Every structure is written in C-alpha cells, then in structure tokens.
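*Asks:* Contents of run-v9.txt (compact mmCIF, C-alpha atoms (C1' of nucleotides)) are below:
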```
# COMPACT_ATOMS: atom_id res chain seq x y z
CA MET M 1 -51.52 11.37 -10.07
CA THR M 2 -53.98 14.24 -10.00
CA GLN M 3 -56.13 12.58 -7.36
CA SER M 4 -55.90 14.50 -4.10
CA LYS M 5 -57.20 11.72 -1.87
CA THR M 6 -60.77 10.53 -2.10
CA ASP M 7 -63.15 11.14 0.76
CA PRO M 8 -63.14 7.99 2.93
CA ARG M 9 -66.91 8.04 2.98
CA VAL M 10 -66.89 7.60 -0.76
CA LEU M 11 -64.51 4.67 -0.63
CA ARG M 12 -66.55 3.07 2.13
CA THR M 13 -69.85 3.48 0.32
CA ARG M 14 -68.54 2.23 -3.02
CA ARG M 15 -67.08 -0.80 -1.32
CA LEU M 16 -70.37 -1.51 0.44
CA ILE M 17 -72.26 -1.26 -2.83
CA MET M 18 -69.82 -3.34 -4.85
CA ASP M 19 -69.56 -6.05 -2.23
CA SER M 20 -73.31 -6.24 -1.88
CA PHE M 21 -73.67 -6.47 -5.62
CA ILE M 22 -71.15 -9.28 -5.89
CA GLU M 23 -72.78 -11.03 -2.96
CA LEU M 24 -76.22 -10.76 -4.55
CA SER M 25 -74.86 -11.90 -7.90
CA SER M 26 -73.92 -15.20 -6.37
CA LYS M 27 -77.50 -15.68 -5.19
CA LYS M 28 -79.66 -14.58 -8.09
CA GLU M 29 -79.46 -13.66 -11.71
CA PHE M 30 -78.43 -10.22 -12.77
CA LYS M 31 -81.80 -9.42 -14.30
CA ASP M 32 -83.53 -10.10 -10.99
CA ILE M 33 -81.33 -7.78 -8.95
CA THR M 34 -82.92 -4.42 -8.21
CA ILE M 35 -81.30 -1.26 -6.96
CA LYS M 36 -83.35 -1.64 -3.81
CA ASP M 37 -81.90 -5.12 -3.26
CA ILE M 38 -78.39 -3.74 -3.47
CA THR M 39 -78.93 -0.73 -1.25
CA THR M 40 -80.77 -2.79 1.33
CA GLU M 41 -77.98 -5.34 1.46
CA ALA M 42 -75.41 -2.55 1.66
CA MET M 43 -77.47 -0.67 4.25
CA ILE M 44 -77.17 2.60 2.37
CA ASN M 45 -79.83 4.91 1.04
CA ARG M 46 -81.09 4.40 -2.46
CA ALA M 47 -80.36 8.01 -3.36
CA THR M 48 -76.76 7.43 -2.37
CA PHE M 49 -76.51 4.74 -5.00
CA TYR M 50 -77.33 7.27 -7.69
CA TYR M 51 -74.76 9.61 -6.25
CA HIS M 52 -72.09 7.09 -7.24
CA PHE M 53 -73.49 5.23 -10.21
CA GLU M 54 -75.54 6.13 -13.28
CA ASP M 55 -77.60 3.00 -13.07
CA ILE M 56 -77.21 -0.72 -12.52
CA TYR M 57 -75.27 -1.20 -15.76
CA ASP M 58 -72.78 1.40 -14.67
CA LEU M 59 -72.34 -0.52 -11.46
CA LEU M 60 -71.93 -3.77 -13.37
CA GLU M 61 -69.30 -2.16 -15.56
CA LYS M 62 -67.31 -0.78 -12.65
CA ALA M 63 -67.64 -3.94 -10.61
CA LEU M 64 -66.44 -6.06 -13.52
CA SER M 65 -63.52 -3.82 -14.30
CA GLU M 66 -62.51 -3.90 -10.68
CA VAL M 67 -62.64 -7.67 -10.54
CA LEU M 68 -60.55 -7.78 -13.70
CA LEU M 69 -58.00 -5.34 -12.36
CA VAL M 70 -57.66 -7.25 -9.12
CA ASN M 71 -57.17 -10.46 -11.05
CA LEU M 72 -54.58 -8.78 -13.22
CA ASN M 73 -52.58 -7.57 -10.27
CA GLU M 74 -52.42 -3.90 -11.09
CA GLU M 75 -48.76 -3.24 -10.35
CA VAL M 76 -47.44 -5.83 -12.75
CA TYR M 77 -49.30 -4.77 -15.84
CA LYS M 78 -48.47 -1.14 -15.19
CA THR M 79 -44.73 -1.58 -14.84
CA ASP M 80 -43.85 -4.45 -17.13
CA PRO M 81 -43.54 -4.23 -20.89
CA ILE M 82 -45.78 -6.53 -22.89
CA ASN M 83 -44.25 -9.96 -22.88
CA GLU M 84 -45.28 -13.59 -22.70
CA GLU M 85 -46.01 -13.48 -19.01
CA VAL M 86 -48.33 -10.50 -19.33
CA PHE M 87 -50.39 -12.22 -22.01
CA ILE M 88 -50.68 -15.36 -19.95
CA ARG M 89 -51.65 -13.41 -16.89
CA ILE M 90 -54.32 -11.45 -18.69
CA PHE M 91 -55.73 -14.46 -20.46
CA THR M 92 -55.86 -16.43 -17.23
CA ALA M 93 -57.64 -13.57 -15.50
CA ILE M 94 -60.29 -13.55 -18.18
CA THR M 95 -60.82 -17.28 -18.22
CA ASN M 96 -61.11 -17.28 -14.43
CA PHE M 97 -63.68 -14.61 -14.83
CA GLN M 98 -65.54 -16.54 -17.50
CA LYS M 99 -65.63 -19.52 -15.22
CA SER M 100 -67.07 -17.54 -12.31
CA LEU M 101 -69.67 -16.05 -14.64
CA SER M 102 -70.80 -19.41 -15.97
CA ASN M 103 -71.45 -20.52 -12.41
CA ARG M 104 -73.52 -17.49 -11.66
CA CYS M 105 -75.65 -17.80 -14.80
CA HIS M 106 -76.06 -14.23 -15.98
CA ARG M 107 -78.22 -15.49 -18.82
CA GLY M 108 -79.11 -12.92 -21.43
CA TYR M 109 -76.40 -10.50 -20.41
CA GLU M 110 -73.41 -12.18 -21.99
CA ASP M 111 -73.26 -9.51 -24.68
CA THR M 112 -73.18 -6.67 -22.22
CA ILE M 113 -70.57 -8.37 -20.11
CA ALA M 114 -68.49 -9.28 -23.15
CA ARG M 115 -68.49 -5.69 -24.29
CA ILE M 116 -67.40 -4.49 -20.88
CA ILE M 117 -64.56 -6.97 -20.70
CA ARG M 118 -63.35 -5.99 -24.15
CA GLU M 119 -63.49 -2.32 -23.27
CA GLN M 120 -61.46 -2.91 -20.13
CA LEU M 121 -58.92 -4.99 -22.02
CA GLU M 122 -58.68 -2.26 -24.60
CA VAL M 123 -57.89 0.34 -21.96
CA ILE M 124 -55.24 -1.87 -20.41
CA PHE M 125 -53.59 -2.76 -23.71
CA TYR M 126 -53.67 0.82 -24.87
CA LYS M 127 -51.88 2.03 -21.76
CA MET M 128 -49.22 -0.61 -22.12
CA LEU M 129 -48.72 0.01 -25.81
CA VAL M 130 -48.45 3.77 -25.45
CA LYS M 131 -45.94 3.40 -22.67
CA GLN M 132 -43.56 1.37 -24.78
CA THR M 133 -43.99 3.14 -28.07
CA THR M 134 -41.49 5.75 -29.20
CA SER M 135 -43.62 7.29 -31.90
CA GLU M 136 -45.89 10.26 -31.32
CA ASP M 137 -48.66 8.52 -33.20
CA LYS M 138 -51.48 7.69 -30.79
CA GLU M 139 -53.78 6.20 -33.41
CA ALA M 140 -51.84 3.04 -34.13
CA PRO M 141 -51.72 1.93 -30.47
CA LYS M 142 -55.43 2.63 -30.20
CA ILE M 143 -56.34 0.37 -33.07
CA ASN M 144 -53.86 -2.27 -32.01
CA ALA M 145 -55.41 -2.23 -28.54
CA VAL M 146 -58.80 -2.83 -30.10
CA ILE M 147 -57.49 -5.73 -32.11
CA LEU M 148 -55.73 -7.26 -29.13
CA SER M 149 -58.76 -6.91 -26.89
CA TRP M 150 -61.10 -8.57 -29.38
CA GLY M 151 -58.54 -11.24 -30.17
CA ILE M 152 -57.82 -12.17 -26.59
CA TYR M 153 -61.45 -12.07 -25.63
CA GLY M 154 -62.33 -14.21 -28.64
CA ALA M 155 -59.74 -16.73 -27.54
CA SER M 156 -61.39 -16.93 -24.14
CA VAL M 157 -64.78 -17.55 -25.77
CA GLU M 158 -63.27 -20.34 -27.80
CA TRP M 159 -61.67 -21.76 -24.64
CA LYS M 160 -65.11 -21.71 -23.02
CA ARG M 161 -66.69 -23.38 -26.07
CA ASN M 162 -64.10 -26.15 -25.77
CA GLY M 163 -65.43 -27.01 -22.35
CA MET M 164 -63.09 -24.92 -20.18
CA THR M 165 -60.99 -28.01 -19.54
CA ILE M 166 -57.65 -27.04 -21.06
CA GLN M 167 -55.31 -25.03 -18.83
CA PRO M 168 -55.70 -21.42 -19.94
CA GLU M 169 -51.94 -21.09 -20.02
CA ASP M 170 -51.56 -24.01 -22.42
CA PHE M 171 -54.46 -22.81 -24.51
CA ILE M 172 -53.02 -19.36 -25.22
CA LYS M 173 -49.31 -20.22 -25.37
CA PRO M 174 -49.20 -21.33 -29.03
CA SER M 175 -50.48 -17.94 -30.14
CA ILE M 176 -48.17 -15.82 -28.07
CA PRO M 177 -45.29 -15.70 -30.56
CA TYR M 178 -47.69 -14.34 -33.15
CA LEU M 179 -49.14 -11.77 -30.74
CA LEU M 180 -45.71 -10.61 -29.64
CA SER M 181 -44.25 -10.38 -33.14
CA GLY M 182 -47.02 -7.99 -34.09
CA ILE M 183 -46.21 -5.81 -31.12
CA ASP M 184 -42.54 -5.69 -31.95
CA LEU M 185 -43.41 -4.42 -35.40
CA VAL M 186 -45.36 -1.42 -34.21
CA LEU M 187 -42.67 -0.18 -31.88
CA MET Z 1 -90.15 2.69 22.37
CA THR Z 2 -89.51 6.40 21.97
CA GLN Z 3 -86.68 5.85 19.51
CA SER Z 4 -87.79 6.89 16.04
CA LYS Z 5 -85.12 4.92 14.18
CA THR Z 6 -81.44 5.80 14.43
CA ASP Z 7 -79.68 7.22 11.42
CA PRO Z 8 -77.97 4.32 9.62
CA ARG Z 9 -74.80 6.36 9.40
CA VAL Z 10 -74.67 6.41 13.19
CA LEU Z 11 -75.13 2.67 13.47
CA ARG Z 12 -72.49 2.08 10.83
CA THR Z 13 -69.95 4.37 12.46
CA ARG Z 14 -70.50 2.99 15.96
CA ARG Z 15 -70.10 -0.53 14.64
CA LEU Z 16 -66.87 0.40 12.89
CA ILE Z 17 -65.49 1.98 16.05
CA MET Z 18 -66.54 -0.83 18.37
CA ASP Z 19 -65.26 -3.55 16.06
CA SER Z 20 -61.94 -1.79 15.62
CA PHE Z 21 -61.63 -1.38 19.35
CA ILE Z 22 -62.32 -5.03 20.00
CA GLU Z 23 -59.92 -5.98 17.23
CA LEU Z 24 -57.19 -3.77 18.68
CA SER Z 25 -57.86 -5.08 22.18
CA SER Z 26 -56.85 -8.52 21.06
CA LYS Z 27 -53.52 -7.16 19.82
CA LYS Z 28 -52.37 -4.77 22.51
CA GLU Z 29 -53.16 -3.71 26.03
CA PHE Z 30 -55.88 -1.23 26.72
CA LYS Z 31 -53.50 1.38 28.04
CA ASP Z 32 -51.55 1.35 24.78
CA ILE Z 33 -54.57 1.92 22.58
CA THR Z 34 -54.97 5.52 21.42
CA ILE Z 35 -57.97 7.18 19.85
CA LYS Z 36 -55.91 7.59 16.73
CA ASP Z 37 -55.29 3.84 16.61
CA ILE Z 38 -58.99 3.17 16.78
CA THR Z 39 -60.03 5.74 14.21
CA THR Z 40 -57.29 4.67 11.84
CA GLU Z 41 -58.32 1.04 12.08
CA ALA Z 42 -61.97 2.02 11.64
CA MET Z 43 -61.11 4.39 8.79
CA ILE Z 44 -63.15 7.19 10.29
CA ASN Z 45 -62.15 10.70 11.25
CA ARG Z 46 -60.90 11.33 14.75
CA ALA Z 47 -63.44 14.09 15.27
CA THR Z 48 -66.19 11.61 14.47
CA PHE Z 49 -65.09 9.50 17.39
CA TYR Z 50 -65.82 12.37 19.74
CA TYR Z 51 -69.20 12.81 18.13
CA HIS Z 52 -70.17 9.39 19.50
CA PHE Z 53 -68.08 8.91 22.63
CA GLU Z 54 -66.92 11.10 25.48
CA ASP Z 55 -63.50 9.53 25.56
CA ILE Z 56 -61.87 6.14 25.44
CA TYR Z 57 -63.35 5.06 28.76
CA ASP Z 58 -66.81 5.82 27.50
CA LEU Z 59 -66.08 3.59 24.53
CA LEU Z 60 -64.76 0.85 26.80
CA GLU Z 61 -67.91 1.03 28.86
CA LYS Z 62 -70.25 0.85 25.91
CA ALA Z 63 -68.24 -1.85 24.20
CA LEU Z 64 -68.19 -4.00 27.30
CA SER Z 65 -71.89 -3.58 27.94
CA GLU Z 66 -72.61 -4.55 24.39
CA VAL Z 67 -70.47 -7.65 24.61
CA LEU Z 68 -72.26 -8.58 27.80
CA LEU Z 69 -75.68 -8.00 26.30
CA VAL Z 70 -74.85 -10.09 23.26
CA ASN Z 71 -73.58 -12.87 25.47
CA LEU Z 72 -76.71 -12.68 27.58
CA ASN Z 73 -78.97 -13.03 24.58
CA GLU Z 74 -81.11 -9.97 25.04
CA GLU Z 75 -84.51 -11.46 24.28
CA VAL Z 76 -84.32 -14.12 26.94
CA TYR Z 77 -83.44 -11.95 29.87
CA LYS Z 78 -86.08 -9.44 28.91
CA THR Z 79 -88.98 -11.84 28.69
CA ASP Z 80 -88.24 -14.50 31.27
CA PRO Z 81 -88.73 -14.15 35.00
CA ILE Z 82 -85.68 -14.70 37.16
CA ASN Z 83 -85.12 -18.40 37.53
CA GLU Z 84 -82.31 -20.92 37.67
CA GLU Z 85 -81.67 -20.78 33.95
CA VAL Z 86 -81.31 -17.00 33.95
CA PHE Z 87 -78.73 -17.10 36.72
CA ILE Z 88 -76.73 -19.76 34.96
CA ARG Z 89 -76.88 -17.89 31.71
CA ILE Z 90 -75.73 -14.64 33.24
CA PHE Z 91 -72.97 -16.25 35.24
CA THR Z 92 -71.73 -18.13 32.21
CA ALA Z 93 -71.69 -14.94 30.17
CA ILE Z 94 -69.54 -13.25 32.78
CA THR Z 95 -67.10 -16.09 33.14
CA ASN Z 96 -66.75 -16.29 29.37
CA PHE Z 97 -66.00 -12.63 29.43
CA GLN Z 98 -63.50 -13.00 32.25
CA LYS Z 99 -61.76 -15.70 30.26
CA SER Z 100 -61.48 -13.51 27.16
CA LEU Z 101 -60.16 -10.66 29.29
CA SER Z 102 -57.48 -12.75 30.92
CA ASN Z 103 -56.19 -13.68 27.50
CA ARG Z 104 -56.00 -10.09 26.44
CA CYS Z 105 -54.18 -8.95 29.55
CA HIS Z 106 -55.78 -5.62 30.37
CA ARG Z 107 -53.37 -5.24 33.25
CA GLY Z 108 -54.07 -2.32 35.51
CA TYR Z 109 -57.60 -1.80 34.29
CA GLU Z 110 -59.30 -4.67 36.07
CA ASP Z 111 -60.93 -2.27 38.50
CA THR Z 112 -62.45 -0.14 35.78
CA ILE Z 113 -63.67 -3.17 33.92
CA ALA Z 114 -65.01 -4.77 37.07
CA ARG Z 115 -66.98 -1.65 37.87
CA ILE Z 116 -68.45 -1.55 34.41
CA ILE Z 117 -69.48 -5.17 34.52
CA ARG Z 118 -71.15 -4.69 37.90
CA GLU Z 119 -72.98 -1.62 36.69
CA GLN Z 120 -74.28 -3.48 33.69
CA LEU Z 121 -75.36 -6.41 35.82
CA GLU Z 122 -77.11 -4.02 38.14
CA VAL Z 123 -79.09 -2.51 35.30
CA ILE Z 124 -80.10 -5.92 34.03
CA PHE Z 125 -81.10 -7.25 37.44
CA TYR Z 126 -83.00 -4.10 38.25
CA LYS Z 127 -85.07 -4.34 35.09
CA MET Z 128 -85.90 -7.96 35.77
CA LEU Z 129 -86.78 -7.35 39.40
CA VAL Z 130 -88.99 -4.38 38.69
CA LYS Z 131 -90.85 -6.29 36.03
CA GLN Z 132 -91.84 -9.06 38.35
CA THR Z 133 -92.53 -7.07 41.47
CA THR Z 134 -96.06 -6.10 42.41
CA SER Z 135 -95.15 -3.42 44.90
CA GLU Z 136 -94.81 0.23 44.00
CA ASP Z 137 -91.58 0.43 45.97
CA LYS Z 138 -88.71 1.01 43.57
CA GLU Z 139 -86.03 1.23 46.23
CA ALA Z 140 -85.99 -2.39 47.33
CA PRO Z 141 -85.40 -3.73 43.78
CA LYS Z 142 -82.63 -1.17 43.34
CA ILE Z 143 -80.73 -2.32 46.40
CA ASN Z 144 -81.37 -5.95 45.64
CA ALA Z 145 -80.00 -5.42 42.16
CA VAL Z 146 -76.86 -3.94 43.67
CA ILE Z 147 -76.46 -6.90 45.98
CA LEU Z 148 -77.04 -9.40 43.19
CA SER Z 149 -74.60 -7.70 40.85
CA TRP Z 150 -71.82 -7.61 43.41
CA GLY Z 151 -72.59 -11.14 44.51
CA ILE Z 152 -72.59 -12.64 41.07
CA TYR Z 153 -69.55 -10.70 40.01
CA GLY Z 154 -67.75 -11.75 43.17
CA ALA Z 155 -68.55 -15.35 42.39
CA SER Z 156 -66.96 -14.94 38.98
CA VAL Z 157 -63.83 -13.50 40.58
CA GLU Z 158 -63.67 -16.49 42.88
CA TRP Z 159 -64.17 -18.79 39.92
CA LYS Z 160 -61.25 -17.06 38.22
CA ARG Z 161 -59.12 -17.36 41.35
CA ASN Z 162 -59.81 -21.08 41.39
CA GLY Z 163 -58.14 -21.42 38.01
CA MET Z 164 -61.16 -21.09 35.72
CA THR Z 165 -61.28 -24.88 35.43
CA ILE Z 166 -64.66 -25.75 36.93
CA GLN Z 167 -67.64 -25.51 34.60
CA PRO Z 168 -69.27 -22.14 35.37
CA GLU Z 169 -72.63 -23.88 35.50
CA ASP Z 170 -71.45 -26.32 38.15
CA PHE Z 171 -69.72 -23.57 40.04
CA ILE Z 172 -72.79 -21.39 40.51
CA LYS Z 173 -75.45 -24.08 40.82
CA PRO Z 174 -75.05 -24.73 44.55
CA SER Z 175 -75.82 -21.10 45.32
CA ILE Z 176 -78.84 -20.75 43.11
CA PRO Z 177 -81.39 -21.98 45.67
CA TYR Z 178 -80.17 -19.31 48.05
CA LEU Z 179 -80.26 -16.59 45.38
CA LEU Z 180 -83.75 -17.56 44.28
CA SER Z 181 -85.19 -17.84 47.77
CA GLY Z 182 -84.18 -14.26 48.42
CA ILE Z 183 -85.93 -13.12 45.31
CA ASP Z 184 -89.12 -14.91 46.21
CA LEU Z 185 -89.15 -13.06 49.51
CA VAL Z 186 -89.04 -9.60 48.02
CA LEU Z 187 -91.92 -10.16 45.62
C1' DT A 1 -35.44 19.00 34.05
C1' DT A 2 -36.19 20.26 29.27
C1' DC A 3 -37.94 19.90 24.94
C1' DA A 4 -39.77 17.71 20.96
C1' DA A 5 -43.04 14.47 19.66
C1' DT A 6 -47.30 12.61 20.20
C1' DA A 7 -52.09 12.40 22.11
C1' DT A 8 -56.41 14.70 23.56
C1' DG A 9 -60.37 17.32 22.95
C1' DT A 10 -62.83 21.24 20.43
C1' DC A 11 -64.49 24.15 16.62
C1' DG A 12 -66.15 25.96 11.97
C1' DT A 13 -66.64 24.78 7.44
C1' DT A 14 -67.39 21.61 3.67
C1' DT A 15 -69.19 17.47 1.80
C1' DA A 16 -71.45 12.86 1.61
C1' DT A 17 -75.30 10.48 3.09
C1' DC A 18 -80.07 10.19 4.56
C1' DC A 19 -84.88 10.79 3.86
C1' DA A 20 -89.34 11.76 2.11
C1' DA A 21 -91.59 12.94 -1.76
C1' DC A 22 -92.21 13.09 -6.59
C1' DA A 23 -93.12 11.76 -11.67
C1' DC A 24 -92.66 8.21 -14.59
C1' DA A 25 -91.80 3.32 -16.42
C1' DT A 26 -92.47 -1.63 -16.02
C1' DT A 27 -94.74 -5.62 -14.59
C1' DG A 28 -98.21 -8.94 -13.75
C1' DA A 29 -102.65 -10.46 -12.36
C1' DA A 30 -107.77 -9.68 -12.78
C1' DT C 1 -106.97 -3.92 -21.50
C1' DT C 2 -106.83 -2.03 -16.83
C1' DC C 3 -105.07 -1.08 -12.63
C1' DA C 4 -102.41 -1.84 -8.54
C1' DA C 5 -97.90 -2.86 -7.17
C1' DT C 6 -93.27 -2.37 -7.75
C1' DG C 7 -89.01 -0.36 -9.70
C1' DT C 8 -86.43 3.76 -11.59
C1' DG C 9 -84.39 8.06 -11.38
C1' DT C 10 -84.46 12.95 -9.39
C1' DT C 11 -84.88 16.71 -6.10
C1' DG C 12 -84.39 19.76 -1.74
C1' DG C 13 -83.66 20.09 2.90
C1' DA C 14 -81.64 17.99 7.17
C1' DT C 15 -77.80 15.84 9.37
C1' DA C 16 -73.61 12.95 10.15
C1' DA C 17 -68.92 12.63 8.83
C1' DA C 18 -64.59 14.60 7.07
C1' DC C 19 -61.02 17.88 7.42
C1' DG C 20 -57.72 21.20 8.99
C1' DA C 21 -56.52 24.00 12.58
C1' DC C 22 -56.07 25.02 17.22
C1' DA C 23 -54.91 24.97 22.35
C1' DT C 24 -53.60 22.03 25.75
C1' DA C 25 -51.89 17.73 28.01
C1' DT C 26 -48.92 13.67 28.22
C1' DT C 27 -44.99 11.19 27.18
C1' DG C 28 -40.33 9.86 26.78
C1' DA C 29 -35.60 10.49 25.62
C1' DA C 30 -31.50 13.68 26.00
```
Now that the file is in, can you turn its structure into structure tokens?
*Replies:*
Amino acid sequence: MTQSKTDPRVLRTRRLIMDSFIELSSKKEFKDITIKDITTEAMINRATFYYHFEDIYDLLEKALSEVLLVNLNEEVYKTDPINEEVFIRIFTAITNFQKSLSNRCHRGYEDTIARIIREQLEVIFYKMLVKQTTSEDKEAPKINAVILSWGIYGASVEWKRNGMTIQPEDFIKPSIPYLLSGIDLVL
Amino acid sequence: MTQSKTDPRVLRTRRLIMDSFIELSSKKEFKDITIKDITTEAMINRATFYYHFEDIYDLLEKALSEVLLVNLNEEVYKTDPINEEVFIRIFTAITNFQKSLSNRCHRGYEDTIARIIREQLEVIFYKMLVKQTTSEDKEAPKINAVILSWGIYGASVEWKRNGMTIQPEDFIKPSIPYLLSGIDLVL
DNA sequence: TTCAATATGTCGTTTATCCAACACATTGAA
DNA sequence: TTCAATGTGTTGGATAAACGACATATTGAA
C-alpha cells in the first residue's frame, strides 16, 4: 500500500533476529533467553536489536504474529469472505501453534502469549469483518472481532485441556454454524 | 595477527556473495553468470559487490581459494610438516574439486581456474616449506613451491584424463616417495 | 552494420549497522 | 545484607551497505 519498499538491510536483520529467536526458543525456555543470546546467535550488534524492537516482549509479539500469519496463509484470509473454511484454517493454525508451544515449555508466559494470540486474531477478524460489512459503523465489527478472538482462542484452550487428541477440524466444526450465523446477522 | 577483527557486516556480505555465487555456479555456466545475478541472489546491492571484489574474476579467485582451503582443513596444513599425509590430503582436495567442476561444466574457463588452483597451491606449499626450512634463503622454497604446485596439479589433470575412477589416494601414492625425497634435500 | 537492451564499473548521498561507553536494574553467592 | 557479575536500554561517532544516476562497454537480433 503506502510502503515504498523496505531497506533490504532491515529485512535481512529482522529475519536474522527472528530466526535466531525461534532457534533459541527450541533450546531453552523463554525466561532464560537474553538479548545477548539472540544477538550473538544472529551475529548482529546488540544496539541493532533495539533499533528494531522495543524489548524482548516486542520481539516475542512480532515473532508470534508472524508465525501465525504464515500458518494462516496470508493471501487466503485477505481475499476470502468469512466462511467455514476460514474458521477451520484459523483454528487449525492456532492449535498447531499451541502444540508447538507445549513442546517448547514456555512456562510462566502462557498469559502473555495468550494475549498476543488474541490480539492478532482480533486484528485479523476485524479486517475481514470490515471488508464484508456494508455499514459505516466501525464499532460493531470491532467488538465482534474481540468476541470472535476470545471465543476461538478459548476453544483452542479447551482443545488443549482435552489432551490435544481430537482433530482440530472436528473439534471446531460443530460450532461453526453458530459462529457463521452471528456474522450473517451483523452484515 | 595484525587483523584487529573484521567488521561483521563485511563477513556477512562476503558470505552472502560467495554462497550465491557457488549456488549459481551449480545452475549455470560461469560465463553466463552476471554480477546482477549474484547480487540479486544474495539480496545485496550491486555497488556493494564492487566494494568487496574487483570484478567477477576476483570473486572466482577468492571463492575457489576458499573452497580449496576448506577442503584442505586449514589447521592441519598449517601445523604439520610436509609428509605423506599432507600430500594425500592436498591431492584429494584437488581431485574432489576437479570432480565438482566437471559436473558444473565451466567450459572455456578451465585455464583461468587451473591458474587459480596452481597459485593457491603455490602459496600453501611456500608457507609450509618456509616454516620447515632452516636456511635464510627464501628463493629456493619459492621455486620449489612453484614446481610442487604445477606437479601436483598436473597429476590431478592426468587423474581426470584417466576417467577419475582410481582412488586419488592410490593414484598419488606411488609418487610420494619421490616428492618427499626432494623436500628432504632442500632442508 | 545498426540499434536497443543489457551489463559493467563508478560516484555522492543517505541510511542501517557497528562499537564502545554509559547509567541503571537484576541476580546470586558470600 | 553486600557486592560482584550479568543483563537492560541508550547514546554519539564511525563505517558498511543501499540507492539512484551516470558514462561506457557488450551483446544480440533486425
């Protein structure tokens, strides 16, 4: 849109940092990862880290949202209207993510991570809702996005509590008619 | 020694360029590779290329010498005196390299590449000879290094001409006593 | 050959990264 | 507690990389 090409150095550096962070996350817990660890692994200067990120939570946030976006296959959710397939795709992305998190034991940071996931979902749902709404009212989509994000995320927590054994698709399917009917109403 | 640490940006950029060049070399012939190809693949600016290399032949030279050095396992050839194992190791490195070249069909550039390999060999032999000589005379080791580099390289050409089927080790072994006896004389 | 397209090599300016140094916070062992 | 070690976040000056523009050379098809 308004972006007039990002400096390739920026892209390169962000990639180095993100990849190093993800790499480190698979080796130790989040609370034990220092900025120095990340910048050493990425072979960039520590000051450069702060040029791109507020702090380590900012990095976590952006790394998570990127992983989510990749899982969600950006093009699809941007072009399609909200339908059954979109819900399944999003829910599956989140459960995949939950699974990968439970392997990497980010103990004590579930709340932070949960908040970030919900915020990302909210952004995604809001964009989709606004795109297919005819009304000028921007408040209703906003609140509906909040409700959807909490609802879907809650479902994924429940899926996790049930042992992560059921196929995500089968788990969410029964609720989809309800979710969709609500959306039809607000249009 | 005198090097007070190279800027990490330099190391990074050189690595990107070299890797892209090697990657491209496996896809098309040397003569068809442009600077633009390399810098595009490496995602660096074309001007940056010229900051590090004279031209594409300079890159070829440095890339080849690096590949050779890696194959030769730097530490070993620096610490050990010249003996049977060193000769075998060097010869094997060159034949490996010859094999990889013949796959990548650098037609029409064999002479350039041959020259570069010989020059690199010469440097390596010279260093080893000087280290183990007692005399102050630096001319004899220089000429002997030339002779060794041409000799060893020639042997690899012959090995190639014979179909590259014989084990490099077995191919060079018969000549090692002769090569070593000469070295003993000049010490 | 001719001419347009593409490649090479250079330059000046702008911007991202490096680095060393700093004050301050957190941690953990004595 | 105390104190040394380690981590966090910031700053200013130095330098590598990006970018656009340029002149020139090479290529390849009409």
*Asks:* Ranking A:DT26, A:DT1, A:DT8, A:DC18 by minimum distance to DT26 of chain C and counting only C-alpha atoms (C1' of nucleotides), which one comes first?
*Replies:*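 Among the listed residues, the smallest separation from DT26 of chain C belongs to A:DT8.
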*Asks:* As a ChimeraX atom specification, could you give me every residue of chain M near chain Z (at most 8 Å apart, counting all atoms listed in the file)?
*Replies:* /M:8,43-44
*Asks:* My list of candidates is Z:Lys36, Z:Lys160, Z:Arg115, Z:Lys131. Which is closest to DA7 of chain A when distances are computed with only C-alpha atoms (C1' of nucleotides)?
*Replies:*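 Nearest candidate to DA7 of chain A out of Z:Lys36, Z:Lys160, Z:Arg115, Z:Lys131: Z:Lys36.
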*Asks:* Have a look at atom CA of Tyr126 of chain M and atom CA of Phe97 of chain M and let me know their distance in Å, one decimal.
*Replies:*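 Atom-to-atom, atom CA of Tyr126 of chain M to atom CA of Phe97 of chain M, that is 21.0 Å.
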*Asks:* How far is it from atom CA of Ile183 of chain M to atom CA of Tyr153 of chain M, in Å with one decimal?
*Replies:*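 Here the two named atoms are 17.4 Å from each other.
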